[in-house]
>>> print(open('coords13.txt').read())   # compact mmCIF, C-alpha atoms
# COMPACT_ATOMS: atom_id res chain seq x y z
CA MET A 1 96.27 83.33 113.73
CA THR A 2 96.03 81.58 110.40
CA ASP A 3 98.45 79.24 108.68
CA ASP A 4 97.13 80.20 105.23
CA ILE A 5 100.21 81.25 103.24
CA ASP A 6 98.06 83.26 100.82
CA ALA A 7 96.56 85.41 103.56
CA PRO A 8 99.05 85.73 106.41
CA GLY A 9 97.52 86.39 109.81
CA VAL A 10 99.34 88.68 112.23
CA ASP A 11 98.60 89.22 115.91
CA VAL A 12 99.61 92.67 117.18
CA TRP A 13 100.02 93.51 120.86
CA THR A 14 100.34 96.91 122.52
CA VAL A 15 102.53 96.98 125.61
CA PRO A 16 102.43 100.03 127.92
CA LEU A 17 105.90 100.25 129.43
CA ASP A 18 105.01 102.37 132.47
CA ARG A 19 104.53 99.43 134.83
CA PRO A 20 104.77 99.22 138.65
CA PRO A 21 108.04 98.05 140.25
CA ALA A 22 106.55 94.66 141.19
CA THR A 23 105.70 93.94 137.55
CA VAL A 24 109.15 95.04 136.41
CA ALA A 25 110.76 92.75 139.00
CA THR A 26 108.63 89.79 137.88
CA LEU A 27 109.44 90.33 134.21
CA SER A 28 113.14 90.75 134.92
CA ARG A 29 113.25 87.20 136.29
CA ILE A 30 112.20 85.65 132.96
CA LEU A 31 114.81 87.44 130.84
CA SER A 32 117.77 85.54 129.48
CA GLU A 33 121.22 86.23 130.87
CA ARG A 34 122.09 88.23 127.76
CA GLU A 35 118.88 90.28 127.99
CA ALA A 36 119.54 90.98 131.68
CA GLU A 37 123.03 92.18 130.84
CA ARG A 38 121.64 94.49 128.16
CA ALA A 39 119.13 95.88 130.65
CA ASP A 40 121.90 96.52 133.18
CA ARG A 41 123.84 98.48 130.57
CA CYS A 42 121.01 101.01 130.24
CA ARG A 43 122.30 104.28 131.58
CA PHE A 44 118.99 105.66 132.82
CA LYS A 45 116.50 103.97 135.15
CA ASN A 46 113.53 104.61 132.85
CA ASP A 47 115.36 103.09 129.89
CA ARG A 48 116.15 100.00 131.94
CA ARG A 49 112.51 99.65 133.02
CA ARG A 50 111.26 100.02 129.46
CA PHE A 51 113.71 97.42 128.19
CA ILE A 52 112.73 94.89 130.86
CA VAL A 53 108.99 95.35 130.32
CA ALA A 54 109.22 95.25 126.52
CA HIS A 55 111.40 92.15 126.36
CA GLY A 56 109.63 90.44 129.24
CA ALA A 57 106.27 91.00 127.58
CA LEU A 58 107.66 89.65 124.30
CA ARG A 59 108.68 86.46 126.11
CA LEU A 60 105.23 86.09 127.67
CA ILE A 61 103.53 86.56 124.29
CA LEU A 62 105.77 84.05 122.52
CA ALA A 63 105.48 81.57 125.38
CA GLY A 64 101.70 81.81 125.14
CA CYS A 65 101.84 81.05 121.42
CA LEU A 66 104.10 78.04 121.94
CA ASP A 67 102.74 76.85 125.30
CA VAL A 68 106.15 76.80 126.97
CA PRO A 69 107.57 78.61 130.03
CA PRO A 70 108.82 82.09 128.99
CA GLU A 71 112.20 81.67 130.66
CA GLU A 72 112.89 78.58 128.53
CA LEU A 73 112.64 80.40 125.21
CA ARG A 74 115.94 80.66 123.36
CA LEU A 75 116.28 83.68 121.09
CA GLN A 76 119.08 84.32 118.64
CA ARG A 77 119.99 87.21 116.35
CA GLY A 78 120.79 87.31 112.66
CA ARG A 79 123.52 89.20 110.86
CA HIS A 80 121.93 92.63 111.33
CA GLY A 81 120.32 91.93 114.70
CA LYS A 82 116.97 90.47 113.60
CA PRO A 83 115.76 88.24 116.46
CA ARG A 84 114.24 84.81 115.97
CA LEU A 85 113.53 81.69 117.97
CA ALA A 86 116.31 79.13 118.04
CA GLY A 87 115.40 75.81 116.46
CA SER A 88 112.83 74.97 113.81
CA SER A 89 109.80 76.99 114.99
CA ASP A 90 107.76 78.58 112.20
CA LEU A 91 106.78 81.43 114.54
CA ARG A 92 108.00 84.85 113.42
CA PHE A 93 107.89 88.02 115.51
CA SER A 94 109.00 91.62 115.77
CA LEU A 95 109.32 94.06 118.68
CA SER A 96 109.50 97.85 118.60
CA HIS A 97 109.30 100.40 121.40
CA SER A 98 109.39 104.16 121.68
CA GLY A 99 108.84 106.15 124.84
CA GLU A 100 106.30 104.36 127.02
CA LEU A 101 104.79 102.19 124.26
CA ALA A 102 105.93 98.92 122.71
CA LEU A 103 104.38 96.89 119.90
CA VAL A 104 104.82 93.17 119.30
CA ALA A 105 103.78 91.48 116.04
CA VAL A 106 103.59 87.69 115.79
CA THR A 107 102.80 85.47 112.80
CA ARG A 108 103.76 82.13 111.25
CA HIS A 109 105.75 81.16 108.15
CA ARG A 110 106.30 84.73 106.88
CA GLU A 111 108.85 87.28 108.03
CA VAL A 112 107.29 90.22 109.86
CA GLY A 113 108.45 93.64 111.03
CA VAL A 114 106.80 96.28 113.18
CA ASP A 115 107.90 99.81 114.04
CA VAL A 116 106.50 102.49 116.34
CA ASP A 117 107.86 105.97 116.96
CA ARG A 118 106.83 109.14 118.74
CA LEU A 119 105.73 112.19 116.79
CA ARG A 120 108.08 115.15 117.21
CA PRO A 121 106.26 118.26 115.92
CA GLY A 122 108.50 120.92 114.46
CA LEU A 123 111.35 118.56 113.67
CA PRO A 124 113.12 119.89 110.51
CA VAL A 125 112.52 116.80 108.40
CA GLU A 126 112.70 118.28 104.90
CA PRO A 127 116.52 118.29 104.50
CA PHE A 128 116.78 114.64 105.55
CA THR A 129 113.87 113.61 103.33
CA GLU A 130 115.28 115.43 100.30
CA ARG A 131 118.71 113.88 100.77
CA PHE A 132 117.89 110.25 101.57
CA PHE A 133 114.29 109.50 100.53
CA PRO A 134 112.88 109.05 96.99
CA ALA A 135 111.67 112.20 95.24
CA SER A 136 108.04 111.14 95.67
CA ASP A 137 108.57 110.98 99.45
CA ALA A 138 110.11 114.45 99.47
CA ARG A 139 107.12 115.83 97.57
CA PHE A 140 104.70 114.07 99.94
CA VAL A 141 106.35 115.64 102.99
CA ALA A 142 106.78 119.11 101.41
CA ALA A 143 103.08 119.25 100.46
CA ALA A 144 101.98 119.12 104.11
CA ALA A 145 100.08 122.12 105.50
CA GLY A 146 102.55 122.96 108.25
CA PRO A 147 105.45 121.73 110.40
CA THR A 148 103.34 119.34 112.51
CA GLU A 149 101.83 117.65 109.47
CA ARG A 150 105.23 117.52 107.77
CA ALA A 151 106.65 115.74 110.83
CA ALA A 152 103.70 113.32 110.82
CA ARG A 153 104.09 112.55 107.11
CA PHE A 154 107.81 111.99 107.56
CA LEU A 155 107.20 109.65 110.48
CA ARG A 156 104.60 107.71 108.54
CA LEU A 157 107.20 107.05 105.85
CA TRP A 158 109.93 106.35 108.38
CA THR A 159 107.98 103.73 110.34
CA ARG A 160 106.99 101.97 107.11
CA LYS A 161 110.61 101.82 105.93
CA GLU A 162 111.75 100.60 109.35
CA ALA A 163 109.07 97.89 109.38
CA VAL A 164 110.29 96.55 106.02
CA VAL A 165 113.91 96.65 107.14
CA LYS A 166 113.09 94.77 110.33
CA ALA A 167 111.04 92.16 108.48
CA ALA A 168 113.80 91.60 105.94
CA GLY A 169 116.59 91.53 108.50
CA ALA A 170 118.35 94.28 106.57
CA ARG A 171 120.22 97.45 107.55
CA LEU A 172 118.33 100.74 107.91
CA VAL A 173 120.45 102.46 105.26
CA GLN A 174 119.20 99.88 102.75
CA GLY A 175 115.61 100.89 103.40
CA LEU A 176 115.80 104.67 103.14
CA GLY A 177 115.33 104.64 99.38
CA LEU A 178 112.27 102.38 99.41
CA THR A 179 109.00 103.76 98.07
CA VAL A 180 106.61 102.67 100.83
CA LEU A 181 103.52 104.76 100.09
CA THR A 182 101.43 104.65 96.92
CA ASP A 183 98.15 106.15 95.74
CA ALA A 184 96.51 102.71 95.51
CA GLU A 185 93.29 102.31 97.50
CA SER A 186 94.02 99.02 99.24
CA ASP A 187 94.57 97.60 102.71
CA ALA A 188 98.34 97.69 102.24
CA ASP A 189 101.04 98.89 99.87
CA VAL A 190 103.29 96.38 98.11
CA VAL A 191 106.93 97.43 98.40
CA ARG A 192 109.79 96.20 96.23
CA ASP A 193 113.38 97.38 96.30
CA PRO A 194 114.50 98.23 92.74
CA SER A 195 118.14 98.06 93.85
CA GLY A 196 117.74 94.43 94.89
CA GLN A 197 119.39 95.01 98.28
CA ILE A 198 116.14 93.94 99.96
CA PRO A 199 114.83 91.11 97.79
CA GLY A 200 111.20 90.09 97.40
CA ALA A 201 107.89 91.85 97.88
CA TRP A 202 106.66 93.25 101.18
CA SER A 203 103.12 94.19 102.18
CA VAL A 204 103.13 97.33 104.33
CA CYS A 205 100.34 99.05 106.27
CA ASP A 206 99.84 101.56 109.08
CA LEU A 207 98.76 100.42 112.54
CA PRO A 208 96.40 102.19 114.98
CA VAL A 209 98.30 103.51 117.99
CA PRO A 210 97.64 106.17 120.66
CA ASP A 211 97.84 109.85 119.73
CA GLY A 212 101.37 111.14 119.55
CA CYS A 213 102.76 107.98 117.91
CA LEU A 214 102.75 106.39 114.47
CA ALA A 215 103.33 102.74 113.65
CA ALA A 216 103.60 100.40 110.68
CA LEU A 217 103.63 96.69 109.94
CA ALA A 218 105.40 94.82 107.13
CA VAL A 219 105.02 91.17 106.16
CA ALA A 220 106.75 89.18 103.44
CA GLY A 221 104.76 88.75 100.24
CA PRO A 222 102.38 90.88 98.18
CA VAL A 223 99.22 89.83 100.04
CA ALA A 224 97.90 92.16 102.74
CA PRO A 225 97.91 90.40 106.12
CA SER A 226 94.83 89.77 108.22
CA ILE A 227 95.58 91.68 111.42
CA SER A 228 94.21 90.63 114.79
CA GLY A 229 94.46 93.27 117.51
CA PRO A 230 95.96 95.38 118.79
CA HIS A 231 95.61 93.17 121.87
CA SER A 232 96.35 94.72 125.23
CA VAL A 233 99.23 93.37 127.28
CA ASP A 234 96.72 93.10 130.14
CA GLU A 235 95.23 90.14 128.25
CA LEU A 236 98.38 88.12 129.00
>>> encode(input="coords13.txt", output="structure tokens")
Amino acid sequence: MTDDIDAPGVDVWTVPLDRPPATVATLSRILSEREAERADRCRFKNDRRRFIVAHGALRLILAGCLDVPPEELRLQRGRHGKPRLAGSSDLRFSLSHSGELALVAVTRHREVGVDVDRLRPGLPVEPFTERFFPASDARFVAAAAGPTERAARFLRLWTRKEAVVKAAGARLVQGLGLTVLTDAESDADVVRDPSGQIPGAWSVCDLPVPDGCLAALAVAGPVAPSISGPHSVDEL
């Protein structure tokens, strides 16, 4: 990673969540008491496994960046649930998971958000888009060739909005009206909230993920980040 404020560097990790029981048991032992309680509240076994693997992998990644034991990391949450390291660390991170895939983004000095979601072909997205998204978004989705492409275009917008919201530590409802896709030919789109609810500028781009998913990354500032990865969790 780079400490250059003008060109933020972001490391992105992909974390397959379908892991063997021995791995799940190992990762469960490095969770905090609060994380373990959240895992236990998962109603379904698969949801519990995914939570443990995602949050355990996050701890391993952060511990590797800071050269400390993963179980000693202290995480805290902001007003709207944005996690951060307790203390004065300049490390910033974001975690997102959907189905059997999680993404972790890590950088320094600048706030970062990542979002991944599964594609759901045939989902009736037009009414939601027309009601809550900007008119340009509604036109972008409506111009798709068919239901599958409409769902993909919707999800591309959705993950970008979610990434900005996560980076800013805002509420999702504040991000629905953001214009997150432009016609500019650049590495990333610069997003600003005209309502002022999400202050500042945010650089947003799509991330490569396996077929059936879409993902996006947002980082504070108008400069497109230098992205390293996706790294595989097997590199841990």
>>> closest_residue(input="coords13.txt", among="A:Leu58, A:Ala142, A:Val191, A:Ala135", to="Val219 in chain A", atoms="all atoms listed in the file")
A:Val191
>>> residues_near_point(input="coords13.txt", point="(104.0, 96.6, 127.5)", cutoff="9 Å", atoms="only C-alpha atoms", output="ChimeraX atom specification")
/A:13-19,50,53-58,97,100-104,232-234
>>> write_last_selection(input="coords13.txt", atoms="C-alpha atoms", output="PDB file, in the coordinates of the input")
ATOM      1  CA  TRP A  13     100.020  93.510 120.860  1.00  0.00           C
ATOM      2  CA  THR A  14     100.340  96.910 122.520  1.00  0.00           C
ATOM      3  CA  VAL A  15     102.530  96.980 125.610  1.00  0.00           C
ATOM      4  CA  PRO A  16     102.430 100.030 127.920  1.00  0.00           C
ATOM      5  CA  LEU A  17     105.900 100.250 129.430  1.00  0.00           C
ATOM      6  CA  ASP A  18     105.010 102.370 132.470  1.00  0.00           C
ATOM      7  CA  ARG A  19     104.530  99.430 134.830  1.00  0.00           C
ATOM      8  CA  ARG A  50     111.260 100.020 129.460  1.00  0.00           C
ATOM      9  CA  VAL A  53     108.990  95.350 130.320  1.00  0.00           C
ATOM     10  CA  ALA A  54     109.220  95.250 126.520  1.00  0.00           C
ATOM     11  CA  HIS A  55     111.400  92.150 126.360  1.00  0.00           C
ATOM     12  CA  GLY A  56     109.630  90.440 129.240  1.00  0.00           C
ATOM     13  CA  ALA A  57     106.270  91.000 127.580  1.00  0.00           C
ATOM     14  CA  LEU A  58     107.660  89.650 124.300  1.00  0.00           C
ATOM     15  CA  HIS A  97     109.300 100.400 121.400  1.00  0.00           C
ATOM     16  CA  GLU A 100     106.300 104.360 127.020  1.00  0.00           C
ATOM     17  CA  LEU A 101     104.790 102.190 124.260  1.00  0.00           C
ATOM     18  CA  ALA A 102     105.930  98.920 122.710  1.00  0.00           C
ATOM     19  CA  LEU A 103     104.380  96.890 119.900  1.00  0.00           C
ATOM     20  CA  VAL A 104     104.820  93.170 119.300  1.00  0.00           C
ATOM     21  CA  SER A 232      96.350  94.720 125.230  1.00  0.00           C
ATOM     22  CA  VAL A 233      99.230  93.370 127.280  1.00  0.00           C
ATOM     23  CA  ASP A 234      96.720  93.100 130.140  1.00  0.00           C
TER      24      ASP A 234
END
>>> closest_residue(input="coords13.txt", among="A:Leu91, A:Val125, A:Val164, A:Ile30", to="Arg150 in chain A", atoms="only C-alpha atoms")
A:Val125
>>> residues_around(input="coords13.txt", residues="Thr107 in chain A", least_positions_apart="5", cutoff="7 Å", atoms="only C-alpha atoms", output="short mmCIF file (atom, residue, chain, number, x, y, z; two decimals) with C-alpha atoms, in the coordinates of the input")
data_model
loop_
_atom_site.label_atom_id
_atom_site.label_comp_id
_atom_site.auth_asym_id
_atom_site.auth_seq_id
_atom_site.Cartn_x
_atom_site.Cartn_y
_atom_site.Cartn_z
CA MET A 1 96.27 83.33 113.73
CA GLY A 9 97.52 86.39 109.81
CA VAL A 10 99.34 88.68 112.23
CA ASP A 11 98.60 89.22 115.91
CA LEU A 91 106.78 81.43 114.54
CA ARG A 92 108.00 84.85 113.42
CA PHE A 93 107.89 88.02 115.51
#
>>> residues_around(input="coords13.txt", residues="Leu60 in chain A", least_positions_apart="4", cutoff="9 Å", atoms="all atoms listed in the file", output="ChimeraX atom specification")
/A:27,30,55-56,64-65,69-71,236
>>> residues_around(input="coords13.txt", residues="range 113-119 of chain A", least_positions_apart="4", cutoff="6 Å", atoms="all atoms listed in the file", output="count of residues only")
14
>>> closest_residue(input="coords13.txt", among="A:Ala168, A:Leu62, A:Leu95, A:Leu181", to="Glu111 in chain A", atoms="all atoms listed in the file")
A:Ala168
>>> atom_distance(input="coords13.txt", atom1="CA of Thr182 in chain A", atom2="CA of His80 in chain A")
27.8 Å
>>> residues_around(input="coords13.txt", residues="Glu35 in chain A", least_positions_apart="2", cutoff="10 Å", atoms="all atoms listed in the file", output="PDB file with C-alpha atoms, in the frame of the given file")
ATOM      1  CA  SER A  28     113.140  90.750 134.920  1.00  0.00           C
ATOM      2  CA  ILE A  30     112.200  85.650 132.960  1.00  0.00           C
ATOM      3  CA  LEU A  31     114.810  87.440 130.840  1.00  0.00           C
ATOM      4  CA  SER A  32     117.770  85.540 129.480  1.00  0.00           C
ATOM      5  CA  GLU A  33     121.220  86.230 130.870  1.00  0.00           C
ATOM      6  CA  GLU A  37     123.030  92.180 130.840  1.00  0.00           C
ATOM      7  CA  ARG A  38     121.640  94.490 128.160  1.00  0.00           C
ATOM      8  CA  ALA A  39     119.130  95.880 130.650  1.00  0.00           C
ATOM      9  CA  ASP A  40     121.900  96.520 133.180  1.00  0.00           C
ATOM     10  CA  ARG A  41     123.840  98.480 130.570  1.00  0.00           C
ATOM     11  CA  PHE A  51     113.710  97.420 128.190  1.00  0.00           C
ATOM     12  CA  ILE A  52     112.730  94.890 130.860  1.00  0.00           C
ATOM     13  CA  HIS A  55     111.400  92.150 126.360  1.00  0.00           C
ATOM     14  CA  GLY A  56     109.630  90.440 129.240  1.00  0.00           C
ATOM     15  CA  LEU A  75     116.280  83.680 121.090  1.00  0.00           C
TER      16      LEU A  75
END
>>> closest_residue(input="coords13.txt", among="A:Ala201, A:Arg29, A:Ser136, A:Gly99", to="Asp183 in chain A", atoms="all atoms listed in the file")
A:Ser136
>>> atom_distance(input="coords13.txt", atom1="CA of Val223 in chain A", atom2="CA of Arg139 in chain A")
27.3 Å
>>> atom_distance(input="coords13.txt", atom1="CA of Ser195 in chain A", atom2="CA of Arg79 in chain A")
19.9 Å
>>> closest_residue(input="coords13.txt", among="A:Pro210, A:Gly122, A:Pro20, A:Pro83", to="Ala170 in chain A", atoms="all atoms listed in the file")
A:Pro83
>>> closest_residue(input="coords13.txt", among="A:Thr129, A:Ser88, A:Ser226, A:Asn46", to="Ser203 in chain A", atoms="only C-alpha atoms")
A:Ser226
>>> residues_around(input="coords13.txt", residues="Gln197 in chain A", least_positions_apart="5", cutoff="12 Å", atoms="all atoms listed in the file", output="number ranges by chain")
A: 165, 168-178, 192
>>> write_last_selection(input="coords13.txt", atoms="C-alpha atoms", output="compact mmCIF listing (two decimals), in the frame of the given file")
# COMPACT_ATOMS: atom_id res chain seq x y z
CA VAL A 165 113.91 96.65 107.14
CA ALA A 168 113.80 91.60 105.94
CA GLY A 169 116.59 91.53 108.50
CA ALA A 170 118.35 94.28 106.57
CA ARG A 171 120.22 97.45 107.55
CA LEU A 172 118.33 100.74 107.91
CA VAL A 173 120.45 102.46 105.26
CA GLN A 174 119.20 99.88 102.75
CA GLY A 175 115.61 100.89 103.40
CA LEU A 176 115.80 104.67 103.14
CA GLY A 177 115.33 104.64 99.38
CA LEU A 178 112.27 102.38 99.41
CA ARG A 192 109.79 96.20 96.23
